[in-house]
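**Student:** What follows is the file data_39.tsv, containing TSV, C-alpha atoms:
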chain	number	residue	atom	x	y	z
G	209	MET	CA	0.00	0.00	0.00
G	210	PRO	CA	1.28	3.53	-0.74
G	211	LYS	CA	2.36	5.71	2.13
G	212	VAL	CA	-0.21	8.51	2.45
G	213	VAL	CA	0.49	11.68	4.42
G	214	VAL	CA	-2.01	14.52	4.86
G	215	LEU	CA	-0.94	18.15	5.07
G	216	VAL	CA	-3.56	20.27	6.87
G	217	VAL	CA	-3.24	23.95	5.99
G	218	ALA	CA	-4.22	26.02	9.04
G	219	ALA	CA	-1.91	29.04	8.97
G	220	GLY	CA	-4.42	31.57	7.63
G	221	ARG	CA	-5.75	34.59	9.46
G	222	GLY	CA	-9.29	34.36	8.04
G	223	ARG	CA	-9.74	38.03	7.11
G	224	ARG	CA	-13.15	37.39	5.56
G	225	PHE	CA	-14.27	35.72	8.78
G	226	GLY	CA	-13.34	38.64	11.02
G	227	GLY	CA	-12.78	38.69	14.78
G	228	ASP	CA	-9.70	38.12	16.90
G	229	ILE	CA	-9.68	34.31	16.72
G	230	PRO	CA	-8.99	32.64	13.35
G	231	LYS	CA	-11.89	30.57	12.03
G	232	GLN	CA	-10.03	27.26	12.39
G	233	TYR	CA	-9.89	27.81	16.15
G	234	GLN	CA	-13.54	28.78	16.66
G	235	ASP	CA	-15.75	26.57	18.81
G	236	LEU	CA	-17.82	24.02	16.92
G	237	GLY	CA	-19.95	21.68	19.00
G	238	GLY	CA	-17.67	21.98	22.01
G	239	ARG	CA	-14.46	21.40	20.04
G	240	LEU	CA	-12.28	23.66	17.93
G	241	VAL	CA	-12.98	23.56	14.20
G	242	LEU	CA	-9.45	22.34	13.51
G	243	ARG	CA	-9.83	19.49	15.98
G	244	HIS	CA	-12.76	18.11	14.01
G	245	THR	CA	-10.56	18.11	10.91
G	246	LEU	CA	-7.52	16.57	12.59
G	247	ALA	CA	-9.57	13.88	14.37
G	248	ALA	CA	-11.29	12.75	11.17
G	249	LEU	CA	-7.92	12.35	9.45
G	250	ALA	CA	-6.20	10.69	12.42
G	251	ALA	CA	-8.94	8.05	12.55
G	252	ASN	CA	-8.90	7.32	8.80
G	253	PRO	CA	-7.39	3.91	7.98
G	254	GLN	CA	-5.96	5.07	4.63
G	255	VAL	CA	-3.91	7.83	6.23
G	256	ASN	CA	-0.46	7.03	7.61
G	257	ALA	CA	0.42	10.42	9.08
G	258	VAL	CA	-0.98	13.94	9.49
G	259	ARG	CA	0.93	17.22	9.74
G	260	ALA	CA	-0.57	20.67	10.21
G	261	VAL	CA	0.89	23.92	8.91
G	262	ILE	CA	0.11	26.66	11.43
G	263	HIS	CA	0.79	30.34	12.08
G	264	PRO	CA	3.61	30.97	14.60
G	265	ASP	CA	1.17	32.89	16.83
G	266	ASP	CA	-1.27	29.97	17.08
G	267	THR	CA	0.79	27.40	18.98
G	268	GLU	CA	-1.44	27.48	22.06
G	269	PHE	CA	-4.62	27.11	19.99
G	270	TYR	CA	-3.09	24.28	17.98
G	271	THR	CA	-1.99	22.42	21.11
G	272	GLN	CA	-5.59	22.47	22.30
G	273	ALA	CA	-6.88	21.28	18.92
G	274	ALA	CA	-4.37	18.44	18.64
G	275	GLN	CA	-4.39	17.19	22.24
G	276	GLY	CA	-4.37	13.40	22.47
G	277	LEU	CA	-4.09	12.80	18.73
G	278	ALA	CA	-1.21	10.93	17.10
G	279	LEU	CA	0.05	13.64	14.74
G	280	LEU	CA	3.36	14.77	13.33
G	281	GLU	CA	4.79	17.92	14.85
G	282	PRO	CA	3.33	21.01	13.16
G	283	VAL	CA	5.41	23.35	11.02
G	284	HIS	CA	5.03	27.10	10.53
G	285	GLY	CA	3.50	28.49	7.38
G	286	GLY	CA	4.44	31.45	5.20
G	287	ALA	CA	2.94	34.74	4.10
G	288	THR	CA	0.47	33.11	1.67
G	289	ARG	CA	-1.36	29.81	1.48
G	290	GLN	CA	0.88	28.79	-1.40
G	291	ASP	CA	3.98	29.51	0.69
G	292	SER	CA	2.50	27.52	3.58
G	293	VAL	CA	1.81	24.49	1.43
G	294	ARG	CA	5.29	24.57	-0.08
G	295	LEU	CA	6.91	24.78	3.36
G	296	GLY	CA	4.72	21.93	4.57
G	297	LEU	CA	5.61	19.77	1.57
G	298	GLU	CA	9.31	20.42	2.06
G	299	SER	CA	9.01	19.35	5.70
G	300	LEU	CA	7.68	15.97	4.54
G	301	VAL	CA	10.73	15.12	2.44
G	302	PRO	CA	12.40	13.05	5.22
G	303	LEU	CA	9.23	10.94	5.48
G	304	ALA	CA	9.31	10.14	1.75
G	305	PRO	CA	5.54	9.69	1.31
G	306	ASP	CA	4.23	8.23	-1.92
G	307	LEU	CA	1.07	10.33	-1.91
G	308	VAL	CA	0.12	13.56	-0.18
G	309	LEU	CA	-3.33	14.98	0.50
G	310	ILE	CA	-3.57	18.73	1.08
G	311	HIS	CA	-6.62	19.76	3.09
G	312	ASP	CA	-8.03	23.01	4.44
G	313	GLY	CA	-8.07	23.10	8.22
G	314	ALA	CA	-11.43	24.91	8.12
G	315	ARG	CA	-13.21	22.02	6.35
G	316	PRO	CA	-14.25	20.01	9.43
G	317	PHE	CA	-16.83	17.70	7.81
G	318	LEU	CA	-14.45	15.55	5.79
G	319	ASP	CA	-15.81	12.04	5.24
G	320	ALA	CA	-14.01	8.77	4.56
G	321	GLY	CA	-15.68	8.34	1.17
G	322	THR	CA	-14.23	11.60	-0.15
G	323	ILE	CA	-10.77	10.60	1.06
G	324	ALA	CA	-11.04	7.17	-0.58
G	325	ARG	CA	-12.26	8.54	-3.92
G	326	THR	CA	-9.54	11.17	-4.01
G	327	ILE	CA	-6.77	8.65	-3.31
G	328	ALA	CA	-8.23	6.28	-5.90
G	329	GLY	CA	-8.02	9.06	-8.47
G	330	LEU	CA	-4.23	8.87	-8.25
G	331	ASP	CA	-4.27	5.37	-9.73
G	332	SER	CA	-4.43	6.92	-13.19
G	333	HIS	CA	-3.46	10.57	-12.75
G	334	PRO	CA	-0.73	12.48	-10.86
G	335	GLY	CA	-3.42	14.59	-9.16
G	336	ALA	CA	-7.06	14.27	-8.08
G	337	ILE	CA	-9.49	16.65	-6.40
G	338	PRO	CA	-13.03	16.24	-5.06
G	339	ALA	CA	-15.50	18.59	-6.69
G	340	ILE	CA	-19.22	19.32	-6.98
G	341	ALA	CA	-20.82	20.07	-10.35
G	342	VAL	CA	-22.23	23.60	-10.47
G	343	ALA	CA	-26.02	23.46	-10.42
G	344	ASP	CA	-26.91	27.17	-10.25
G	345	THR	CA	-26.93	29.51	-13.20
G	346	LEU	CA	-23.80	31.65	-13.13
G	347	THR	CA	-23.85	35.33	-14.00
G	348	ARG	CA	-21.02	37.78	-14.57
G	349	GLY	CA	-21.90	41.29	-13.37
G	350	ALA	CA	-20.67	44.79	-14.10
G	351	GLY	CA	-21.74	47.92	-12.26
G	352	GLY	CA	-24.41	46.03	-10.37
G	353	LEU	CA	-26.02	44.74	-13.57
G	354	VAL	CA	-25.97	41.40	-15.34
G	355	SER	CA	-23.43	41.55	-18.14
G	356	THR	CA	-23.11	37.89	-19.15
G	357	THR	CA	-24.76	34.60	-18.28
G	358	VAL	CA	-22.03	31.99	-18.00
G	359	ASP	CA	-22.53	28.49	-19.37
G	360	ARG	CA	-22.36	26.21	-16.32
G	361	ALA	CA	-21.62	23.06	-18.34
G	362	GLU	CA	-18.33	21.49	-17.28
G	363	LEU	CA	-18.03	23.86	-14.30
G	364	TRP	CA	-17.20	22.40	-10.88
G	365	ARG	CA	-16.71	23.70	-7.34
G	366	ALA	CA	-13.34	22.42	-6.14
G	367	GLN	CA	-12.95	21.08	-2.59
G	368	THR	CA	-10.16	19.57	-0.54
G	369	PRO	CA	-8.37	17.29	0.18
G	370	GLN	CA	-6.51	17.61	-3.09
G	371	ALA	CA	-4.33	14.57	-3.66
G	372	PHE	CA	-1.07	14.26	-5.56
G	373	ARG	CA	1.91	12.05	-6.05
G	374	PHE	CA	4.30	13.61	-3.60
G	375	ALA	CA	7.36	14.19	-5.78
G	376	ASP	CA	5.23	15.78	-8.51
G	377	ILE	CA	3.43	18.32	-6.35
G	378	LEU	CA	6.56	19.19	-4.37
G	379	ALA	CA	8.41	20.05	-7.59
G	380	ALA	CA	5.37	21.96	-8.90
G	381	HIS	CA	5.12	24.09	-5.76
G	382	GLN	CA	8.82	24.83	-5.71
G	383	ALA	CA	8.66	25.92	-9.34
G	384	ALA	CA	5.65	28.16	-8.62
G	385	ALA	CA	7.14	29.86	-5.55
G	386	GLY	CA	6.21	33.53	-5.44
G	387	GLU	CA	3.13	33.22	-7.62
G	388	GLU	CA	-0.47	33.67	-6.46
G	389	LEU	CA	-2.41	30.60	-7.60
G	390	THR	CA	-5.82	29.81	-6.11
G	391	ASP	CA	-5.25	26.22	-4.99
G	392	ASP	CA	-2.97	23.23	-5.34
G	393	ALA	CA	-4.77	21.96	-8.44
G	394	ALA	CA	-3.85	25.26	-10.11
G	395	VAL	CA	-0.22	24.73	-9.11
G	396	ALA	CA	-0.33	21.23	-10.60
G	397	GLU	CA	-2.00	22.51	-13.77
G	398	ARG	CA	0.73	25.14	-14.20
G	399	ALA	CA	3.31	22.33	-14.03
G	400	GLY	CA	1.53	20.38	-16.74
G	401	LEU	CA	0.14	17.71	-14.41
G	402	SER	CA	-3.25	16.21	-15.21
G	403	VAL	CA	-5.70	16.42	-12.31
G	404	ALA	CA	-8.71	14.11	-12.14
G	405	LEU	CA	-12.10	15.22	-10.83
G	406	VAL	CA	-13.77	12.87	-8.35
G	407	GLN	CA	-17.13	13.25	-6.68
G	408	GLY	CA	-17.03	15.56	-3.69
G	409	CYS	CA	-19.56	15.94	-0.88
G	410	GLU	CA	-21.89	18.85	-0.17
G	411	ASP	CA	-21.23	18.52	3.57
G	412	ASN	CA	-17.50	19.10	3.00
G	413	PHE	CA	-17.84	22.88	2.90
G	414	LYS	CA	-15.22	25.36	4.01
G	415	ILE	CA	-15.90	27.70	6.90
G	416	THR	CA	-15.09	31.12	5.46
G	417	THR	CA	-17.65	33.48	7.01
G	418	ALA	CA	-19.57	33.73	10.27
G	419	ALA	CA	-22.63	32.42	8.40
G	420	ASP	CA	-20.66	29.31	7.44
G	421	LEU	CA	-19.81	28.72	11.08
G	422	GLU	CA	-23.48	28.99	12.06
G	423	ARG	CA	-24.34	26.46	9.35
G	424	ALA	CA	-21.68	24.14	10.77
G	425	ARG	CA	-23.01	24.57	14.30
G	426	ARG	CA	-26.51	23.64	13.19
G	427	ALA	CA	-25.12	20.30	12.02
G	428	PHE	CA	-24.28	19.52	15.66
G	429	SER	CA	-27.61	20.61	17.11
G	430	GLY	CA	-29.34	17.28	16.38
G	431	PRO	CA	-29.46	14.11	18.48
G	432	GLY	CA	-26.35	12.57	16.93
G	433	GLU	CA	-26.08	8.93	16.00
G	434	THR	CA	-25.36	5.63	17.71
G	435	ARG	CA	-22.98	3.16	16.10
G	436	MET	CA	-21.86	-0.36	16.94
G	437	GLY	CA	-18.62	-2.19	16.25
G	438	SER	CA	-17.48	-5.75	16.86
G	439	GLY	CA	-14.11	-7.31	17.54
G	440	LEU	CA	-12.70	-10.84	17.65
G	441	ASP	CA	-9.27	-12.03	18.70
G	442	ILE	CA	-7.53	-15.35	19.38
G	443	HIS	CA	-4.22	-16.21	21.02
G	444	ARG	CA	-2.61	-19.57	21.60
G	445	PHE	CA	-1.11	-20.73	24.88
G	446	ALA	CA	2.64	-20.84	25.48
G	447	PRO	CA	4.71	-21.85	28.52
G	448	GLY	CA	4.18	-19.37	31.32
G	449	THR	CA	2.57	-18.66	34.68
G	450	GLY	CA	-0.36	-16.38	33.90
G	451	VAL	CA	-2.47	-14.62	31.29
G	452	TRP	CA	-3.58	-11.03	30.86
G	453	LEU	CA	-7.32	-10.62	30.41
G	454	CYS	CA	-9.06	-7.22	30.38
G	455	GLY	CA	-5.95	-5.63	31.82
G	456	VAL	CA	-5.85	-8.00	34.80
G	457	GLU	CA	-3.14	-10.64	35.29
G	458	VAL	CA	-4.79	-14.00	36.00
G	459	PRO	CA	-2.64	-16.84	37.39
G	460	HIS	CA	-2.54	-19.88	35.08
G	461	ASP	CA	-0.26	-22.71	34.10
G	462	ALA	CA	0.45	-21.02	30.74
G	463	LYS	CA	0.58	-17.59	29.16
G	464	LEU	CA	-0.82	-16.29	25.89
G	465	GLU	CA	1.55	-15.93	22.97
G	466	GLY	CA	1.68	-12.60	21.16
G	467	HIS	CA	3.77	-9.61	20.12
G	468	SER	CA	2.37	-7.47	22.94
G	469	ASP	CA	1.12	-8.81	26.27
G	470	ALA	CA	-1.43	-10.84	24.22
G	471	ASP	CA	-4.43	-9.61	26.21
G	472	VAL	CA	-6.97	-11.24	23.92
G	473	ALA	CA	-9.93	-9.50	25.56
G	474	LEU	CA	-8.52	-5.99	25.26
G	475	HIS	CA	-7.53	-6.68	21.66
G	476	ALA	CA	-11.09	-7.66	20.80
G	477	ALA	CA	-12.41	-4.63	22.68
G	478	THR	CA	-10.01	-2.32	20.83
G	479	ASP	CA	-11.16	-3.63	17.47
G	480	ALA	CA	-14.80	-3.20	18.50
G	481	VAL	CA	-14.30	0.46	19.41
G	482	LEU	CA	-12.26	1.14	16.26
G	483	GLY	CA	-14.91	-0.61	14.19
G	484	ALA	CA	-17.65	1.62	15.54
G	485	ILE	CA	-15.90	4.70	14.13
G	486	ALA	CA	-14.68	2.93	10.95
G	487	ALA	CA	-11.04	3.40	11.95
G	488	SER	CA	-9.67	0.08	10.67
G	489	ASP	CA	-8.24	-2.39	13.20
G	490	ILE	CA	-5.66	-2.76	15.92
G	491	GLY	CA	-2.99	-3.97	13.49
G	492	HIS	CA	-3.26	-0.76	11.47
G	493	HIS	CA	-2.64	1.44	14.50
G	494	PHE	CA	-0.17	-0.88	16.26
G	495	PRO	CA	1.57	-3.07	13.63
G	496	PRO	CA	2.89	-6.34	15.09
G	497	THR	CA	5.94	-5.85	12.88
G	498	ASP	CA	6.92	-2.73	14.84
G	499	PRO	CA	9.37	-3.68	17.61
G	500	LYS	CA	8.23	-0.82	19.85
G	501	TRP	CA	5.02	-2.73	20.60
G	502	LYS	CA	6.82	-5.90	21.66
G	503	GLY	CA	5.58	-6.79	25.13
G	504	ALA	CA	3.44	-3.62	25.27
G	505	SER	CA	0.57	-3.44	27.72
G	506	SER	CA	-2.67	-3.69	25.75
G	507	ASP	CA	-4.38	-1.02	27.81
G	508	ARG	CA	-2.53	1.44	25.56
G	509	PHE	CA	-4.36	0.05	22.53
G	510	LEU	CA	-7.82	0.38	24.03
G	511	ALA	CA	-7.03	3.82	25.43
G	512	HIS	CA	-5.96	4.93	21.96
G	513	ALA	CA	-9.21	3.71	20.42
G	514	GLY	CA	-11.16	5.50	23.13
G	515	SER	CA	-9.20	8.71	22.52
G	516	LEU	CA	-10.16	8.64	18.84
G	517	VAL	CA	-13.83	8.43	19.82
G	518	THR	CA	-13.37	11.37	22.19
G	519	ALA	CA	-11.53	13.37	19.53
G	520	LEU	CA	-14.49	12.91	17.21
G	521	GLY	CA	-16.71	14.38	19.92
G	522	GLY	CA	-18.24	11.02	20.80
G	523	ARG	CA	-18.24	8.65	23.73
G	524	VAL	CA	-18.22	4.92	24.35
G	525	VAL	CA	-21.71	4.14	25.63
G	526	HIS	CA	-21.25	0.44	26.37
G	527	LEU	CA	-18.71	-2.34	25.87
G	528	ASP	CA	-19.65	-6.02	26.04
G	529	ILE	CA	-16.76	-8.51	26.17
G	530	THR	CA	-17.06	-12.30	26.03
G	531	ILE	CA	-14.04	-14.46	26.88
G	532	ILE	CA	-14.12	-18.00	25.48
G	533	CYS	CA	-11.98	-20.61	27.21
G	534	GLU	CA	-12.04	-23.73	29.42
G	535	ARG	CA	-9.41	-22.38	31.78
G	536	PRO	CA	-8.59	-20.17	33.63
G	537	LYS	CA	-11.81	-19.33	35.43
G	538	VAL	CA	-12.90	-15.78	34.69
G	539	GLY	CA	-15.65	-15.40	37.29
G	540	PRO	CA	-13.47	-14.63	40.32
G	541	HIS	CA	-11.72	-11.85	38.40
G	542	ARG	CA	-14.73	-10.33	36.65
G	543	PRO	CA	-15.21	-7.30	38.96
G	544	ALA	CA	-11.54	-6.36	38.63
G	545	MET	CA	-11.75	-6.76	34.85
G	546	GLN	CA	-14.81	-4.55	34.58
G	547	ALA	CA	-13.18	-1.92	36.76
G	548	ARG	CA	-9.98	-1.93	34.72
G	549	VAL	CA	-11.71	-1.65	31.34
G	550	ALA	CA	-13.89	1.17	32.66
G	551	GLU	CA	-10.80	2.94	33.97
G	552	ILE	CA	-9.01	2.65	30.61
G	553	LEU	CA	-11.95	4.17	28.73
G	554	GLY	CA	-12.93	6.65	31.40
G	555	ILE	CA	-16.50	5.36	31.65
G	556	GLY	CA	-18.63	3.93	34.44
G	557	GLN	CA	-18.32	0.26	35.40
G	558	ASP	CA	-22.01	-0.12	34.66
G	559	ARG	CA	-21.14	0.48	31.00
G	560	VAL	CA	-18.78	-2.50	30.83
G	561	SER	CA	-19.87	-6.12	30.67
G	562	VAL	CA	-17.40	-9.00	30.96
G	563	LYS	CA	-18.73	-12.52	30.41
G	564	ALA	CA	-17.14	-15.91	29.97
G	565	THR	CA	-18.20	-19.12	28.28
G	566	THR	CA	-16.74	-22.43	27.12
G	567	THR	CA	-17.17	-24.40	23.91
G	568	GLU	CA	-18.10	-27.56	25.79
G	569	GLY	CA	-14.77	-29.17	24.98
G	570	LEU	CA	-15.06	-28.49	21.25
G	571	GLY	CA	-12.50	-26.77	19.02
G	572	PHE	CA	-9.15	-25.29	19.93
G	573	THR	CA	-10.49	-23.60	23.07
G	574	GLY	CA	-12.09	-26.88	24.11
G	575	ARG	CA	-8.72	-28.58	23.70
G	576	ARG	CA	-7.23	-25.81	25.86
G	577	GLU	CA	-4.90	-24.66	23.12
G	578	GLY	CA	-5.72	-20.99	23.56
G	579	ILE	CA	-8.30	-18.32	24.37
G	580	ALA	CA	-10.69	-16.42	22.12
G	581	ALA	CA	-12.55	-13.21	22.90
G	582	GLN	CA	-15.20	-11.20	21.17
G	583	ALA	CA	-16.53	-7.75	21.93
G	584	VAL	CA	-19.31	-5.40	20.89
G	585	ALA	CA	-18.93	-1.66	21.40
G	586	THR	CA	-21.71	0.91	21.31
G	587	VAL	CA	-20.53	4.43	20.51
G	588	TRP	CA	-22.37	7.73	20.27
G	589	LEU	CA	-21.15	10.37	17.82
G	590	PRO	CA	-22.47	13.94	17.53
G	591	ARG	CA	-23.41	13.68	13.82
Represent the supplied structure as structure tokens.
**Tutor:**
Amino acid sequence: MPKVVVLVVAAGRGRRFGGDIPKQYQDLGGRLVLRHTLAALAANPQVNAVRAVIHPDDTEFYTQAAQGLALLEPVHGGATRQDSVRLGLESLVPLAPDLVLIHDGARPFLDAGTIARTIAGLDSHPGAIPAIAVADTLTRGAGGLVSTTVDRAELWRAQTPQAFRFADILAAHQAAAGEELTDDAAVAERAGLSVALVQGCEDNFKITTAADLERARRAFSGPGETRMGSGLDIHRFAPGTGVWLCGVEVPHDAKLEGHSDADVALHAATDAVLGAIAASDIGHHFPPTDPKWKGASSDRFLAHAGSLVTALGGRVVHLDITIICERPKVGPHRPAMQARVAEILGIGQDRVSVKATTTEGLGFTGRREGIAAQAVATVWLPR
């Protein structure tokens, strides 16, 4: 799979918006506008890394927007958006991404479908942008009067993220330094790069004026939505003296084999929470090939999944975990397991269920070769 990095442009002053606080740091549903944007990208399974380009005066605001998210360190922008993008692209050179997505920090309603379509557009072109076909009649005016009615055929409203093969757009921006082009697609066009149009989304609008912010706030005034995700994990036994289950060490005549601490229950729970927000699986966020996770405590994995839910403005409503094994006995440790899972997610113990069952001697768990666990998570999101 190609390495995909997203550059979030958030260094602007928002002169059309007005006020002392830039639009990307305005409150939107109890979170900063930029946090909505960063959280959606951090949770997307197709994105490997996210870096923001910010104004030097906005460090405190940015720290608040990025708190708890796994992001690259931000870099400072330039005098114009084009300068900011170029500086951001140059900062990514050591990471050597294959593809880069460039997104406006003040577009907080980015959806996974738009990201996927934009990346797919790079299969056949060096650039791709999401866009909406113009539906309204367009008129050119002069002196307050209609001078020309413009043919709307083949006219599109460009959105972000705009996606490019990294080396191509970096070279294009460096060649265009000092010019005033309207967006990154224009920079690519100037360099002779073909840019594909893919279907955008009406919800993916940019907050430019105070009226735009009010429109965005209305989107969070509804009841929100409830989602569910499921997880399943299996680990075999190995020589040892105890197993980790739900963050609790349980004495046993074996341990569970795995790259981390092999807590099969927390792994299933992590996948369930990630599934509820469509954020891929535990292996995407914590690759077993990465040596830094060797022997890691699995509470870190579940806490990370919970933090993504929080960053999206949601909460884990309930988590139901079922442990499947003949031995060890789970019952005596159930209260401690519930308490530990609740502590990791920062929710009440009454929102965590831990159950155990056997397979009546059937299958690998019946032969006492290992333990399986499954989990169902219920998550509420604001929209």
**Student:** So the first atom is atom CA of G:Ala366 and the second is atom CA of G:Val406; what is the distance between them in Å, to one decimal place?
**Tutor:**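 About the pair atom CA of G:Ala366 and atom CA of G:Val406: they are 9.8 Å apart.
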**Student:** Name the residues in contact with G:Val525 at a cut-off of 8 Å, using all atoms listed in the file, excluding same-chain residues fewer than 5 positions from it; report them as a list in words.
**Tutor:**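 Surrounding residues, per the criterion: Arg559, Ala585, Thr586, Val587 and Trp588 of chain G.
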**Student:** G:Gly556, G:Pro264, G:Gly569, G:Gly455: which is nearest G:His284, counting all atoms listed in the file?
**Tutor:**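 Selected residue with least distance to G:His284: G:Pro264.
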**Student:** So the first atom is atom CA of G:Glu387 and the second is atom CA of G:Ile262; what is the distance between them in Å, to one decimal place?
**Tutor:**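 Separating atom CA of G:Glu387 from atom CA of G:Ile262 is a distance of 20.4 Å.
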**Student:** What's around G:Arg348 at 7 Å? Count only C-alpha atoms, leave out sequence neighbours fewer than 2 positions away in its own chain, and write the answer as a PDB file with C-alpha atoms, in the frame of the given file.
**Tutor:**
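The resulting file, around.pdb, is reproduced below:
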ATOM      1  CA  LEU G 346     -23.800  31.650 -13.130  1.00  0.00           C
ATOM      2  CA  VAL G 354     -25.970  41.400 -15.340  1.00  0.00           C
ATOM      3  CA  SER G 355     -23.430  41.550 -18.140  1.00  0.00           C
ATOM      4  CA  THR G 356     -23.110  37.890 -19.150  1.00  0.00           C
ATOM      5  CA  THR G 357     -24.760  34.600 -18.280  1.00  0.00           C
ATOM      6  CA  VAL G 358     -22.030  31.990 -18.000  1.00  0.00           C
TER       7      VAL G 358
END
**Student:** To one decimal place, how far is atom CA of G:Gly521 from atom CA of G:Gly276 in Å?
**Tutor:**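 Distance between the two atoms: 12.6 Å.
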**Student:** Can you pull out every residue within 9 Å of G:Val261, counting all atoms listed in the file, but drop anything in the same chain fewer than 6 positions away, and send it as number ranges by chain?
**Tutor:** G: 215-219, 282-285, 292-293, 295-296
**Student:** Please write the residues from the selection above to a file, keeping C-alpha atoms, as a JSON list (two decimals), keeping the file's coordinate frame.
**Tutor:**
[["chain", "number", "residue", "atom", "x", "y", "z"],
["G", 215, "LEU", "CA", -0.94, 18.15, 5.07],
["G", 216, "VAL", "CA", -3.56, 20.27, 6.87],
["G", 217, "VAL", "CA", -3.24, 23.95, 5.99],
["G", 218, "ALA", "CA", -4.22, 26.02, 9.04],
["G", 219, "ALA", "CA", -1.91, 29.04, 8.97],
["G", 282, "PRO", "CA", 3.33, 21.01, 13.16],
["G", 283, "VAL", "CA", 5.41, 23.35, 11.02],
["G", 284, "HIS", "CA", 5.03, 27.10, 10.53],
["G", 285, "GLY", "CA", 3.50, 28.49, 7.38],
["G", 292, "SER", "CA", 2.50, 27.52, 3.58],
["G", 293, "VAL", "CA", 1.81, 24.49, 1.43],
["G", 295, "LEU", "CA", 6.91, 24.78, 3.36],
["G", 296, "GLY", "CA", 4.72, 21.93, 4.57]]
**Student:** For stretch 333-336 of chain G, what centre and edge lengths in Å (one decimal) does the axis-aligned box get once 6 Å is added on each side of all its listed atoms, as AutoDock Vina command-line options?
**Tutor:**
--center_x -3.9 --center_y 12.6 --center_z -10.4 --size_x 18.3 --size_y 16.0 --size_z 16.7
**Student:** Near G:Asp306, counting all atoms listed in the file, which residues have an atom at most 7 Å away, once you skip same-chain residues fewer than 4 positions from it, shown as a ChimeraX atom specification?
**Tutor:** /G:210-212,373-374
**Student:** Using only C-alpha atoms for the distances, tell me which of G:Ala339, G:Val214, G:Ala580, G:Ile552 is nearest to G:His512.
**Tutor:**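 Distance minimum relative to G:His512 lands on G:Ile552.
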**Student:** Between G:Ala385, G:Arg435, G:Val301, G:Pro536, which residue has the minimum interatomic distance to G:Thr449, considering all atoms listed in the file?
**Tutor:**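 Checking each of G:Ala385, G:Arg435, G:Val301, G:Pro536 against G:Thr449, counting all atoms listed in the file, the winner is G:Pro536.
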**Student:** Quick one: everything within 12 Å of G:Glu397, counting all atoms listed in the file, minus sequence neighbours fewer than 4 positions away in the same chain. Send it as JSON, numbers by chain.
**Tutor:** {"G": [334, 335, 336, 372, 376, 377, 380, 381, 384, 389, 390, 391, 392, 393, 401, 402, 403, 404]}
**Student:** Go through G:Gly220, G:Ile340, G:Gly448, G:Leu474 one by one, measure the shortest atom-to-atom distance of each to G:Ala462 using only C-alpha atoms, and give the residue with the smallest value.
**Tutor:**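 Result for the nearest residue to G:Ala462: G:Gly448.
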**Student:** Between G:Phe269, G:Thr518, G:Asp344, G:Val472, which is the closest to G:Asp359 once you count all atoms listed in the file?
**Tutor:**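 Of all the options, G:Asp344 lies closest to G:Asp359.
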**Student:** In file coordinates, which residues lie within 9 Å of (-21.6, 21.9, -10.3) using all atoms listed in the file, given as a list in words?
**Tutor:** Ala339, Ile340, Ala341, Val342, Ala343, Asp344, Arg360, Ala361, Glu362, Leu363, Trp364 and Arg365 of chain G
**Student:** Could the residues in this selection be saved with C-alpha atoms as a PDB file, in the coordinates of the input?
**Tutor:**
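File written: selection22.pdb
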ATOM      1  CA  ALA G 339     -15.500  18.590  -6.690  1.00  0.00           C
ATOM      2  CA  ILE G 340     -19.220  19.320  -6.980  1.00  0.00           C
ATOM      3  CA  ALA G 341     -20.820  20.070 -10.350  1.00  0.00           C
ATOM      4  CA  VAL G 342     -22.230  23.600 -10.470  1.00  0.00           C
ATOM      5  CA  ALA G 343     -26.020  23.460 -10.420  1.00  0.00           C
ATOM      6  CA  ASP G 344     -26.910  27.170 -10.250  1.00  0.00           C
ATOM      7  CA  ARG G 360     -22.360  26.210 -16.320  1.00  0.00           C
ATOM      8  CA  ALA G 361     -21.620  23.060 -18.340  1.00  0.00           C
ATOM      9  CA  GLU G 362     -18.330  21.490 -17.280  1.00  0.00           C
ATOM     10  CA  LEU G 363     -18.030  23.860 -14.300  1.00  0.00           C
ATOM     11  CA  TRP G 364     -17.200  22.400 -10.880  1.00  0.00           C
ATOM     12  CA  ARG G 365     -16.710  23.700  -7.340  1.00  0.00           C
TER      13      ARG G 365
END
